[in-house]
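Enquirer: Pasting protein-v9.cif here (mmCIF, C-alpha atoms):
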```cif
data_run
#
loop_
_atom_site.group_PDB
_atom_site.id
_atom_site.type_symbol
_atom_site.label_atom_id
_atom_site.label_comp_id
_atom_site.auth_asym_id
_atom_site.auth_seq_id
_atom_site.Cartn_x
_atom_site.Cartn_y
_atom_site.Cartn_z
ATOM 1 C CA MET A 1 44.923 173.860 -207.635
ATOM 2 C CA HIS A 2 44.648 176.521 -210.359
ATOM 3 C CA THR A 3 47.525 179.008 -210.328
ATOM 4 C CA LEU A 4 47.136 182.503 -211.672
ATOM 5 C CA SER A 5 49.107 183.436 -214.791
ATOM 6 C CA LYS A 6 51.534 186.343 -214.529
ATOM 7 C CA TYR A 7 49.075 188.413 -216.546
ATOM 8 C CA GLN A 8 46.187 187.699 -214.189
ATOM 9 C CA LYS A 9 48.489 188.625 -211.309
ATOM 10 C CA ALA A 10 49.374 191.868 -213.083
ATOM 11 C CA LEU A 11 45.675 192.730 -213.347
ATOM 12 C CA GLN A 12 45.178 191.907 -209.654
ATOM 13 C CA ASN A 13 48.044 194.254 -208.771
ATOM 14 C CA HIS A 14 46.214 197.130 -210.457
ATOM 15 C CA PRO A 15 42.569 196.920 -209.344
ATOM 16 C CA PHE A 16 39.965 199.022 -211.113
ATOM 17 C CA ASN A 17 36.499 199.767 -209.795
ATOM 18 C CA LEU A 18 35.003 202.728 -211.646
ATOM 19 C CA SER A 19 31.915 202.542 -213.846
ATOM 20 C CA ASP A 20 31.869 204.005 -217.372
ATOM 21 C CA SER A 21 29.773 206.960 -216.181
ATOM 22 C CA GLN A 22 32.148 207.658 -213.265
ATOM 23 C CA VAL A 23 35.128 207.687 -215.634
ATOM 24 C CA SER A 24 33.320 210.094 -217.941
ATOM 25 C CA GLU A 25 32.489 212.348 -215.014
ATOM 26 C CA LYS A 26 36.073 212.370 -213.740
ATOM 27 C CA ALA A 27 37.592 213.038 -217.181
ATOM 28 C CA ASN A 28 35.202 215.903 -217.850
ATOM 29 C CA GLN A 29 35.832 217.352 -214.384
ATOM 30 C CA ILE A 30 39.592 217.475 -215.055
ATOM 31 C CA ILE A 31 38.979 219.354 -218.307
ATOM 32 C CA LEU A 32 36.469 221.713 -216.687
ATOM 33 C CA GLU A 33 38.828 222.620 -213.836
ATOM 34 C CA ASN A 34 42.163 222.782 -215.689
ATOM 35 C CA PHE A 35 41.577 223.503 -219.397
ATOM 36 C CA ALA A 36 41.680 227.296 -219.116
ATOM 37 C CA GLU A 37 45.116 227.441 -217.484
ATOM 38 C CA ASN A 38 46.601 225.270 -220.250
ATOM 39 C CA ASN A 39 44.891 226.977 -223.170
ATOM 40 C CA ASN A 40 47.666 229.414 -224.071
ATOM 41 C CA MET A 41 50.419 230.120 -226.582
ATOM 42 C CA ASN A 42 53.152 228.299 -224.647
ATOM 43 C CA THR A 43 51.017 225.156 -224.646
ATOM 44 C CA TYR A 44 50.375 225.483 -228.395
ATOM 45 C CA LYS A 45 54.111 225.670 -229.060
ATOM 46 C CA PHE A 46 54.734 222.665 -226.832
ATOM 47 C CA LEU A 47 51.961 220.638 -228.474
ATOM 48 C CA TYR A 48 53.491 221.243 -231.905
ATOM 49 C CA SER A 49 56.713 219.620 -230.702
ATOM 50 C CA CYS A 50 54.777 216.514 -229.557
ATOM 51 C CA ILE A 51 53.215 215.743 -232.931
ATOM 52 C CA ASP A 52 53.711 212.456 -234.745
ATOM 53 C CA LEU A 53 53.025 213.825 -238.235
ATOM 54 C CA THR A 54 51.070 210.995 -239.797
ATOM 55 C CA SER A 55 50.421 209.889 -243.373
ATOM 56 C CA LEU A 56 48.614 206.547 -243.524
ATOM 57 C CA ASN A 57 46.612 206.784 -246.724
ATOM 58 C CA THR A 58 45.787 204.185 -249.354
ATOM 59 C CA THR A 59 46.958 206.754 -251.917
ATOM 60 C CA ASP A 60 50.384 207.483 -250.369
ATOM 61 C CA THR A 61 53.317 207.514 -252.788
ATOM 62 C CA ARG A 62 57.074 207.893 -252.317
ATOM 63 C CA GLU A 63 56.840 211.406 -253.782
ATOM 64 C CA HIS A 64 54.131 212.407 -251.286
ATOM 65 C CA ILE A 65 56.084 211.063 -248.300
ATOM 66 C CA TRP A 66 59.272 212.722 -249.577
ATOM 67 C CA LYS A 67 57.486 216.104 -249.738
ATOM 68 C CA ILE A 68 56.151 215.729 -246.184
ATOM 69 C CA THR A 69 59.643 214.900 -244.950
ATOM 70 C CA GLN A 70 61.139 217.835 -246.837
ATOM 71 C CA LYS A 71 58.622 220.173 -245.217
ATOM 72 C CA VAL A 72 59.721 218.908 -241.791
ATOM 73 C CA ASN A 73 63.365 219.440 -242.824
ATOM 74 C CA ASP A 74 62.598 223.015 -243.883
ATOM 75 C CA PHE A 75 61.016 223.822 -240.510
ATOM 76 C CA GLU A 76 64.103 222.691 -238.570
ATOM 77 C CA GLY A 77 65.637 225.737 -236.874
ATOM 78 C CA SER A 78 63.332 228.178 -238.684
ATOM 79 C CA ASN A 79 61.657 229.328 -235.469
ATOM 80 C CA PRO A 80 63.823 229.443 -232.326
ATOM 81 C CA GLU A 81 60.707 229.459 -230.123
ATOM 82 C CA ILE A 82 59.226 226.224 -231.452
ATOM 83 C CA ASP A 83 60.816 222.776 -231.481
ATOM 84 C CA ASN A 84 60.225 220.638 -234.539
ATOM 85 C CA ILE A 85 57.669 217.832 -234.470
ATOM 86 C CA ALA A 86 58.566 214.611 -232.635
ATOM 87 C CA ALA A 87 58.250 212.058 -235.449
ATOM 88 C CA ILE A 88 57.002 211.282 -238.942
ATOM 89 C CA CYS A 89 54.671 208.258 -238.915
ATOM 90 C CA VAL A 90 54.257 206.141 -242.075
ATOM 91 C CA TYR A 91 53.512 202.641 -243.374
ATOM 92 C CA PRO A 92 56.440 200.166 -243.364
ATOM 93 C CA ASN A 93 57.132 200.465 -247.097
ATOM 94 C CA PHE A 94 57.816 204.197 -246.727
ATOM 95 C CA VAL A 95 60.322 204.035 -243.848
ATOM 96 C CA LYS A 96 63.223 203.907 -246.299
ATOM 97 C CA THR A 97 61.901 206.984 -248.136
ATOM 98 C CA VAL A 98 61.686 209.016 -244.926
ATOM 99 C CA ASN A 99 65.116 207.790 -243.834
ATOM 100 C CA GLU A 100 66.676 208.875 -247.135
ATOM 101 C CA ALA A 101 64.985 212.285 -247.165
ATOM 102 C CA LEU A 102 65.193 213.220 -243.476
ATOM 103 C CA THR A 103 67.810 215.695 -242.284
ATOM 104 C CA ALA A 104 65.873 217.169 -239.325
ATOM 105 C CA ASN A 105 66.316 215.854 -235.776
ATOM 106 C CA VAL A 106 63.019 213.971 -235.897
ATOM 107 C CA ASN A 107 62.203 210.314 -235.247
ATOM 108 C CA ILE A 108 60.805 207.872 -237.799
ATOM 109 C CA ALA A 109 57.688 206.103 -236.541
ATOM 110 C CA CYS A 110 56.220 203.167 -238.427
ATOM 111 C CA VAL A 111 52.919 201.349 -238.058
ATOM 112 C CA ALA A 112 53.419 197.594 -238.148
ATOM 113 C CA GLY A 113 52.098 194.368 -236.649
ATOM 114 C CA GLY A 114 49.262 193.934 -239.106
ATOM 115 C CA PHE A 115 48.076 197.521 -238.679
ATOM 116 C CA PRO A 116 45.248 198.428 -238.220
ATOM 117 C CA SER A 117 43.468 195.155 -237.322
ATOM 118 C CA ALA A 118 46.372 193.000 -236.030
ATOM 119 C CA GLN A 119 44.715 190.074 -237.791
ATOM 120 C CA THR A 120 47.641 188.297 -239.411
ATOM 121 C CA PHE A 121 50.301 185.720 -238.510
ATOM 122 C CA SER A 122 52.622 186.571 -235.613
ATOM 123 C CA GLU A 123 55.535 185.684 -237.902
ATOM 124 C CA VAL A 124 54.389 188.354 -240.367
ATOM 125 C CA LYS A 125 54.120 190.949 -237.595
ATOM 126 C CA ILE A 126 57.615 190.147 -236.361
ATOM 127 C CA ALA A 127 59.088 190.211 -239.878
ATOM 128 C CA GLU A 128 57.374 193.515 -240.657
ATOM 129 C CA THR A 129 58.718 195.043 -237.442
ATOM 130 C CA ALA A 130 62.238 193.754 -238.078
ATOM 131 C CA LEU A 131 62.268 195.106 -241.651
ATOM 132 C CA ALA A 132 60.993 198.516 -240.526
ATOM 133 C CA VAL A 133 63.688 198.778 -237.844
ATOM 134 C CA THR A 134 66.378 197.667 -240.312
ATOM 135 C CA GLN A 135 65.291 200.388 -242.738
ATOM 136 C CA GLY A 136 65.505 203.128 -240.118
ATOM 137 C CA ALA A 137 62.383 203.207 -237.950
ATOM 138 C CA ASN A 138 63.141 204.065 -234.341
ATOM 139 C CA GLU A 139 59.524 203.852 -233.187
ATOM 140 C CA ILE A 140 57.091 201.027 -233.978
ATOM 141 C CA ASP A 141 53.325 201.542 -233.539
ATOM 142 C CA ILE A 142 51.432 198.233 -233.358
ATOM 143 C CA PRO A 143 47.826 197.362 -232.461
ATOM 144 C CA ILE A 144 46.954 194.759 -229.869
ATOM 145 C CA ASN A 145 44.927 191.787 -231.071
ATOM 146 C CA VAL A 146 41.581 192.997 -229.732
ATOM 147 C CA GLY A 147 39.912 189.672 -230.541
ATOM 148 C CA LEU A 148 42.340 187.797 -228.308
ATOM 149 C CA PHE A 149 41.829 190.335 -225.527
ATOM 150 C CA LEU A 150 38.033 190.196 -225.666
ATOM 151 C CA ASN A 151 38.222 186.393 -225.616
ATOM 152 C CA GLU A 152 40.471 186.670 -222.517
ATOM 153 C CA ASP A 153 43.329 184.931 -224.333
ATOM 154 C CA TYR A 154 45.672 187.220 -222.437
ATOM 155 C CA GLU A 155 48.721 184.984 -222.615
ATOM 156 C CA GLU A 156 48.646 184.669 -226.392
ATOM 157 C CA MET A 157 48.083 188.402 -226.847
ATOM 158 C CA CYS A 158 50.828 189.394 -224.417
ATOM 159 C CA ASP A 159 53.366 186.848 -225.646
ATOM 160 C CA GLU A 160 52.979 188.279 -229.144
ATOM 161 C CA LEU A 161 53.546 191.824 -227.868
ATOM 162 C CA THR A 162 56.617 190.668 -225.942
ATOM 163 C CA GLU A 163 58.077 189.019 -229.049
ATOM 164 C CA ILE A 164 57.519 192.148 -231.117
ATOM 165 C CA LYS A 165 59.118 194.239 -228.358
ATOM 166 C CA PHE A 166 62.190 191.974 -228.516
ATOM 167 C CA THR A 167 62.282 192.426 -232.305
ATOM 168 C CA CYS A 168 62.302 196.223 -231.888
ATOM 169 C CA HIS A 169 65.796 196.133 -230.307
ATOM 170 C CA GLU A 170 66.591 199.824 -229.640
ATOM 171 C CA ALA A 171 63.401 201.115 -231.264
ATOM 172 C CA GLN A 172 60.508 202.111 -229.008
ATOM 173 C CA LEU A 173 57.321 200.030 -229.011
ATOM 174 C CA LYS A 174 54.103 202.054 -229.064
ATOM 175 C CA VAL A 175 51.158 199.760 -228.386
ATOM 176 C CA ILE A 176 47.798 200.802 -229.870
ATOM 177 C CA LEU A 177 44.859 199.720 -227.709
ATOM 178 C CA GLU A 178 42.111 200.604 -230.233
ATOM 179 C CA THR A 179 39.979 201.922 -227.390
ATOM 180 C CA GLY A 180 36.933 202.383 -229.659
ATOM 181 C CA ALA A 181 36.788 198.596 -230.126
ATOM 182 C CA LEU A 182 37.389 197.880 -226.426
ATOM 183 C CA LYS A 183 34.440 200.166 -225.572
ATOM 184 C CA THR A 184 34.152 199.770 -221.783
ATOM 185 C CA ALA A 185 36.255 201.466 -219.126
ATOM 186 C CA ASN A 186 37.127 198.126 -217.582
ATOM 187 C CA ASN A 187 38.387 196.744 -220.903
ATOM 188 C CA ILE A 188 40.485 199.812 -221.687
ATOM 189 C CA TYR A 189 42.111 199.799 -218.251
ATOM 190 C CA LYS A 190 42.816 196.039 -218.337
ATOM 191 C CA ALA A 191 44.283 196.198 -221.838
ATOM 192 C CA SER A 192 46.497 199.100 -220.733
ATOM 193 C CA ILE A 193 47.894 197.112 -217.811
ATOM 194 C CA LEU A 194 48.536 194.023 -219.953
ATOM 195 C CA ALA A 195 50.311 196.074 -222.626
ATOM 196 C CA LEU A 196 52.478 197.733 -219.978
ATOM 197 C CA TYR A 197 53.544 194.357 -218.577
ATOM 198 C CA SER A 198 54.288 193.148 -222.117
ATOM 199 C CA GLY A 199 56.963 195.806 -222.642
ATOM 200 C CA ALA A 200 55.174 198.814 -224.140
ATOM 201 C CA ASP A 201 57.225 202.022 -224.166
ATOM 202 C CA PHE A 202 54.098 203.998 -225.084
ATOM 203 C CA LEU A 203 50.369 203.370 -224.876
ATOM 204 C CA LYS A 204 48.360 204.779 -227.772
ATOM 205 C CA THR A 205 44.601 205.226 -227.924
ATOM 206 C CA SER A 206 43.613 204.370 -231.484
ATOM 207 C CA THR A 207 44.582 203.539 -235.048
ATOM 208 C CA GLY A 208 42.235 206.217 -236.358
ATOM 209 C CA LYS A 209 40.978 203.762 -238.977
ATOM 210 C CA GLU A 210 38.038 201.489 -238.224
ATOM 211 C CA TYR A 211 36.726 202.515 -234.819
ATOM 212 C CA GLN A 212 36.097 205.660 -232.806
ATOM 213 C CA GLY A 213 39.330 207.518 -232.116
ATOM 214 C CA ALA A 214 40.568 209.089 -228.902
ATOM 215 C CA THR A 215 38.161 210.158 -226.162
ATOM 216 C CA PRO A 216 38.775 211.981 -222.870
ATOM 217 C CA GLU A 217 37.564 208.839 -221.073
ATOM 218 C CA ALA A 218 40.153 206.640 -222.820
ATOM 219 C CA ALA A 219 42.886 209.179 -222.038
ATOM 220 C CA TYR A 220 41.839 209.246 -218.376
ATOM 221 C CA LEU A 221 41.970 205.445 -218.136
ATOM 222 C CA ILE A 222 45.298 205.019 -219.932
ATOM 223 C CA CYS A 223 46.992 207.778 -217.929
ATOM 224 C CA ASN A 224 45.780 206.224 -214.682
ATOM 225 C CA ALA A 225 47.061 202.800 -215.761
ATOM 226 C CA ILE A 226 50.452 204.348 -216.587
ATOM 227 C CA LYS A 227 50.463 206.069 -213.181
ATOM 228 C CA SER A 228 49.637 202.844 -211.329
ATOM 229 C CA TYR A 229 52.309 200.944 -213.281
ATOM 230 C CA TYR A 230 54.887 203.652 -212.525
ATOM 231 C CA LYS A 231 54.117 203.436 -208.800
ATOM 232 C CA LYS A 232 54.672 199.661 -208.837
ATOM 233 C CA THR A 233 57.727 199.501 -211.115
ATOM 234 C CA GLY A 234 59.330 202.940 -211.349
ATOM 235 C CA ASP A 235 59.124 202.712 -215.161
ATOM 236 C CA LYS A 236 57.843 205.780 -217.009
ATOM 237 C CA VAL A 237 55.785 204.844 -220.054
ATOM 238 C CA GLY A 238 54.604 207.405 -222.585
ATOM 239 C CA PHE A 239 51.089 208.265 -223.749
ATOM 240 C CA LYS A 240 50.050 208.886 -227.365
ATOM 241 C CA VAL A 241 46.641 210.205 -228.254
ATOM 242 C CA SER A 242 45.442 209.622 -231.820
ATOM 243 C CA GLY A 243 42.349 209.227 -233.939
ATOM 244 C CA GLY A 244 40.486 212.388 -234.897
ATOM 245 C CA ILE A 245 42.735 214.955 -233.201
ATOM 246 C CA SER A 246 42.177 217.867 -235.578
ATOM 247 C CA THR A 247 41.521 220.904 -233.387
ATOM 248 C CA ILE A 248 43.668 222.840 -230.942
ATOM 249 C CA GLU A 249 40.931 222.505 -228.330
ATOM 250 C CA ASP A 250 41.087 218.700 -228.557
ATOM 251 C CA ALA A 251 44.875 218.698 -228.192
ATOM 252 C CA VAL A 252 44.761 220.993 -225.158
ATOM 253 C CA LYS A 253 42.111 218.773 -223.537
ATOM 254 C CA TYR A 254 44.290 215.658 -223.842
ATOM 255 C CA TYR A 255 47.355 217.532 -222.649
ATOM 256 C CA THR A 256 45.311 218.731 -219.653
ATOM 257 C CA ILE A 257 44.352 215.154 -218.749
ATOM 258 C CA LEU A 258 47.970 213.965 -219.052
ATOM 259 C CA LYS A 259 49.366 216.851 -217.002
ATOM 260 C CA THR A 260 46.736 216.563 -214.265
ATOM 261 C CA ILE A 261 47.052 212.790 -213.798
ATOM 262 C CA LEU A 262 50.740 212.153 -214.522
ATOM 263 C CA GLY A 263 52.291 215.524 -213.711
ATOM 264 C CA LYS A 264 54.945 217.687 -215.320
ATOM 265 C CA ASP A 265 57.421 214.804 -215.638
ATOM 266 C CA TRP A 266 55.305 213.545 -218.552
ATOM 267 C CA CYS A 267 55.025 216.963 -220.241
ATOM 268 C CA ASN A 268 57.723 216.410 -222.875
ATOM 269 C CA LYS A 269 57.897 214.843 -226.326
ATOM 270 C CA LYS A 270 59.660 211.761 -224.958
ATOM 271 C CA LEU A 271 56.530 210.809 -222.994
ATOM 272 C CA PHE A 272 53.646 212.555 -224.775
ATOM 273 C CA ARG A 273 52.647 212.373 -228.440
ATOM 274 C CA ILE A 274 49.756 213.442 -230.622
ATOM 275 C CA GLY A 275 49.161 211.425 -233.775
ATOM 276 C CA THR A 276 47.681 213.713 -236.427
ATOM 277 C CA SER A 277 47.871 214.703 -240.076
ATOM 278 C CA ARG A 278 46.159 218.099 -239.851
ATOM 279 C CA LEU A 279 46.925 219.648 -236.489
ATOM 280 C CA ALA A 280 50.500 220.733 -237.282
ATOM 281 C CA ASN A 281 49.414 223.349 -239.825
ATOM 282 C CA ILE A 282 46.511 224.503 -237.646
ATOM 283 C CA LEU A 283 48.831 225.067 -234.675
ATOM 284 C CA LEU A 284 51.391 226.941 -236.768
ATOM 285 C CA GLU A 285 48.694 229.225 -238.191
ATOM 286 C CA LYS A 286 47.447 229.973 -234.686
ATOM 287 C CA ILE A 287 50.954 230.658 -233.375
ATOM 288 C CA ASP A 288 51.779 232.902 -236.343
ATOM 289 C CA LYS A 289 48.649 234.963 -235.773
#
```
Turn the structure described in the file into structure tokens.
Expert:
Amino acid sequence: MHTLSKYQKALQNHPFNLSDSQVSEKANQIILENFAENNNMNTYKFLYSCIDLTSLNTTDTREHIWKITQKVNDFEGSNPEIDNIAAICVYPNFVKTVNEALTANVNIACVAGGFPSAQTFSEVKIAETALAVTQGANEIDIPINVGLFLNEDYEEMCDELTEIKFTCHEAQLKVILETGALKTANNIYKASILALYSGADFLKTSTGKEYQGATPEAAYLICNAIKSYYKKTGDKVGFKVSGGISTIEDAVKYYTILKTILGKDWCNKKLFRIGTSRLANILLEKIDK
């Protein structure tokens, strides 16, 4: 008799039965009905405080990362109405630079785990995570192995995530689903559930590198998976939207989806993040005006 794996049981515990078009309709309906009430100055100020200020460029240098960090330091306490950003997000080799330069009360997030493709040895992913944490990262952003997921090698994919989570120690694990590669609603929802049961502290839409970034549909699916998981376990897991978030309108749309599905308990920087390199300045300009 074939027994179900714990991961297959997890998927059974969180059934999903919406088509791609139904998900799109529901996500757009949430935005249509609730966007206007959230599109205001208080929301803009809140969104600024949820930013993971990201620099993940081939051309990054220590000097460039130091300047970004110094800018974040300079903002600290400069405006009593606006909290500083949530985190600075960099490649593993720049964690030490941020840690040395940072004086603001801001987290250090680091992409790891063979970012952005996840196609390397598990041992390398674990070593990279451990080194990043040792050098000062308190948040680790790693992609799932999409190939393993699409091949339904759930156990191998999830065991790797669980090992990396263990390696994080006190640091938070933010699992990137790369929703543009998963494509279908069913895949995105399933991958969300599996990542949650593998120890994710956050679910993140995209790397912003190879595939399509965040979409309202992906946000709808991930937030509903987080909600279902919370109802079963009582554990609150965060949501990070990333990949092409460069306008205030986009940010407000994703905030609207989060707030509508998960409620006000998730409307804080501990449970909601926006990964972006450009939006911080755009929001500040808007607020200043």
Enquirer: Would you write out, as CSV, a table of all residues in region 119-180 of chain A that have an atom no more than 9 Å from an atom of region 86-96 of chain A, listing for each the closest atom pair and the distance in Å to one decimal, considering all atoms listed in the file and ordering rows by chain and rising residue number?
Expert:
```
residue,atom,partner,partner_atom,distance
A:Glu128,CA,A:Pro92,CA,7.2
A:Thr129,CA,A:Pro92,CA,8.2
A:Leu131,CA,A:Pro92,CA,7.9
A:Ala132,CA,A:Pro92,CA,5.6
A:Val133,CA,A:Val95,CA,8.7
A:Gln135,CA,A:Lys96,CA,5.4
A:Gly136,CA,A:Val95,CA,6.4
A:Ala137,CA,A:Val95,CA,6.3
A:Glu139,CA,A:Ala87,CA,8.6
A:Asp141,CA,A:Cys89,CA,8.7
```
Enquirer: Work out how far CA of Thr54 (chain A) is from CA of Ser198 (chain A), in Å to one decimal.
Expert: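 These atoms are spaced 25.3 Å apart.
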Enquirer: Evaluate the PyMOL selection byres ((chain A and resi 207) around 10) and record the selected residues as an mmCIF file with C-alpha atoms, in the frame of the given file, following the chain and residue labels used in the document.
Expert:
```
data_model
loop_
_atom_site.group_PDB
_atom_site.id
_atom_site.type_symbol
_atom_site.label_atom_id
_atom_site.label_comp_id
_atom_site.auth_asym_id
_atom_site.auth_seq_id
_atom_site.Cartn_x
_atom_site.Cartn_y
_atom_site.Cartn_z
ATOM 1 C CA LEU A 56 48.614 206.547 -243.524
ATOM 2 C CA VAL A 111 52.919 201.349 -238.058
ATOM 3 C CA PHE A 115 48.076 197.521 -238.679
ATOM 4 C CA PRO A 116 45.248 198.428 -238.220
ATOM 5 C CA SER A 117 43.468 195.155 -237.322
ATOM 6 C CA ASP A 141 53.325 201.542 -233.539
ATOM 7 C CA ILE A 142 51.432 198.233 -233.358
ATOM 8 C CA PRO A 143 47.826 197.362 -232.461
ATOM 9 C CA ILE A 176 47.798 200.802 -229.870
ATOM 10 C CA LEU A 177 44.859 199.720 -227.709
ATOM 11 C CA GLU A 178 42.111 200.604 -230.233
ATOM 12 C CA THR A 179 39.979 201.922 -227.390
ATOM 13 C CA GLY A 180 36.933 202.383 -229.659
ATOM 14 C CA LYS A 204 48.360 204.779 -227.772
ATOM 15 C CA THR A 205 44.601 205.226 -227.924
ATOM 16 C CA SER A 206 43.613 204.370 -231.484
ATOM 17 C CA GLY A 208 42.235 206.217 -236.358
ATOM 18 C CA LYS A 209 40.978 203.762 -238.977
ATOM 19 C CA GLU A 210 38.038 201.489 -238.224
ATOM 20 C CA TYR A 211 36.726 202.515 -234.819
ATOM 21 C CA GLN A 212 36.097 205.660 -232.806
ATOM 22 C CA GLY A 213 39.330 207.518 -232.116
ATOM 23 C CA ALA A 214 40.568 209.089 -228.902
ATOM 24 C CA VAL A 241 46.641 210.205 -228.254
ATOM 25 C CA SER A 242 45.442 209.622 -231.820
ATOM 26 C CA GLY A 243 42.349 209.227 -233.939
ATOM 27 C CA GLY A 244 40.486 212.388 -234.897
ATOM 28 C CA GLY A 275 49.161 211.425 -233.775
#
```
Enquirer: Return the single residue from A:Thr184, A:Ser5, A:Asn107, A:Asn151 that is closest to Ala171 (chain A), with distances computed using only C-alpha atoms.
Expert: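 Checking each candidate against Ala171 (chain A), we get A:Asn107 as the closest.
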Enquirer: Would you list the contacts of Ala101 (chain A) as number ranges by chain, taking every protein, DNA or RNA residue within 10 Å and counting all atoms listed in the file, but skipping same-chain residues closer than 2 positions in sequence?
Expert: A: 65-70, 73, 96-99, 103-104
Enquirer: Starting from the PyMOL selection byres ((chain A and resi 191) around 9), expand the selection into actual residues of this file and give them as a PyMOL selection string.
Expert: chain A and resi 144+146+149+177+182+186-190+192-196
Enquirer: Using all atoms listed in the file, which residue out of A:Ile248, A:Cys50, A:Ala181, A:Leu221 lies closest to Arg273 (chain A)?
Expert: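 Closest candidate: A:Cys50.
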Enquirer: Please, which residues are within 9 Å of (36.7, 213.4, -222.5) by the file's coordinates, counting all atoms listed in the file, and could they come as a PyMOL selection string?
Expert: chain A and resi 24-28+30-31+214-220+253-254+257
Enquirer: With all atoms listed in the file as the atoms that count, which of A:Ile282, A:Cys158, A:Ala225, A:Cys267 lies nearest to Gln8 (chain A)?
Expert: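 That would be A:Cys158, the residue with the smallest distance to Gln8 (chain A).
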Enquirer: Calculate how many Å separate CA of Glu155 (chain A) from CA of Cys168 (chain A), rounding to one decimal.
Expert: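 These two atoms are separated by 19.9 Å.
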Enquirer: Would you pick out the contacts of Asn79 (chain A) at 12 Å or less, using all atoms listed in the file, so that residues sharing its chain but fewer than 3 positions from it are not included, and give the list as a list in words?
Expert: Lys45, Ser49, Asp74, Phe75, Glu76, Ile82, Asp83, Asn84, Leu284, Ile287 and Asp288 of chain A
Enquirer: Work out how far apart CA of Ala112 (chain A) and CA of Ala185 (chain A) are and give it in Å to one decimal.
Expert: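 A separation of 25.9 Å between them.
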Enquirer: With distances taken over only C-alpha atoms, which of A:Val252, A:Leu258, A:Leu203, A:Cys110 is nearest to Asn42 (chain A)?
Expert: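 The answer is A:Val252, which sits nearest to Asn42 (chain A).
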Enquirer: Restricting the calculation to only C-alpha atoms, which member of A:Thr256, A:Phe272, A:Thr120, A:Lys286 is positioned closest to Asn34 (chain A)?
Expert: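 Selected residue with least distance to Asn34 (chain A): A:Thr256.
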Enquirer: Decode the PyMOL selection byres ((chain A and resi 238) around 8) for the given file into explicit residues and return them as a PDB file with C-alpha atoms, in the frame of the given file.
Expert:
```
ATOM      1  CA  ASP A 201      57.225 202.022-224.166  1.00  0.00           C
ATOM      2  CA  PHE A 202      54.098 203.998-225.084  1.00  0.00           C
ATOM      3  CA  LEU A 203      50.369 203.370-224.876  1.00  0.00           C
ATOM      4  CA  ILE A 226      50.452 204.348-216.587  1.00  0.00           C
ATOM      5  CA  LYS A 236      57.843 205.780-217.009  1.00  0.00           C
ATOM      6  CA  VAL A 237      55.785 204.844-220.054  1.00  0.00           C
ATOM      7  CA  PHE A 239      51.089 208.265-223.749  1.00  0.00           C
ATOM      8  CA  LYS A 240      50.050 208.886-227.365  1.00  0.00           C
ATOM      9  CA  TRP A 266      55.305 213.545-218.552  1.00  0.00           C
ATOM     10  CA  LYS A 270      59.660 211.761-224.958  1.00  0.00           C
ATOM     11  CA  LEU A 271      56.530 210.809-222.994  1.00  0.00           C
ATOM     12  CA  PHE A 272      53.646 212.555-224.775  1.00  0.00           C
ATOM     13  CA  ARG A 273      52.647 212.373-228.440  1.00  0.00           C
TER      14      ARG A 273
END
```
Enquirer: For Lys231 (chain A), which residue among A:Glu152, A:Leu262, A:Ala118, A:Tyr7 is the nearest when counting all atoms listed in the file?
Expert: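 Selected residue with least distance to Lys231 (chain A): A:Leu262.
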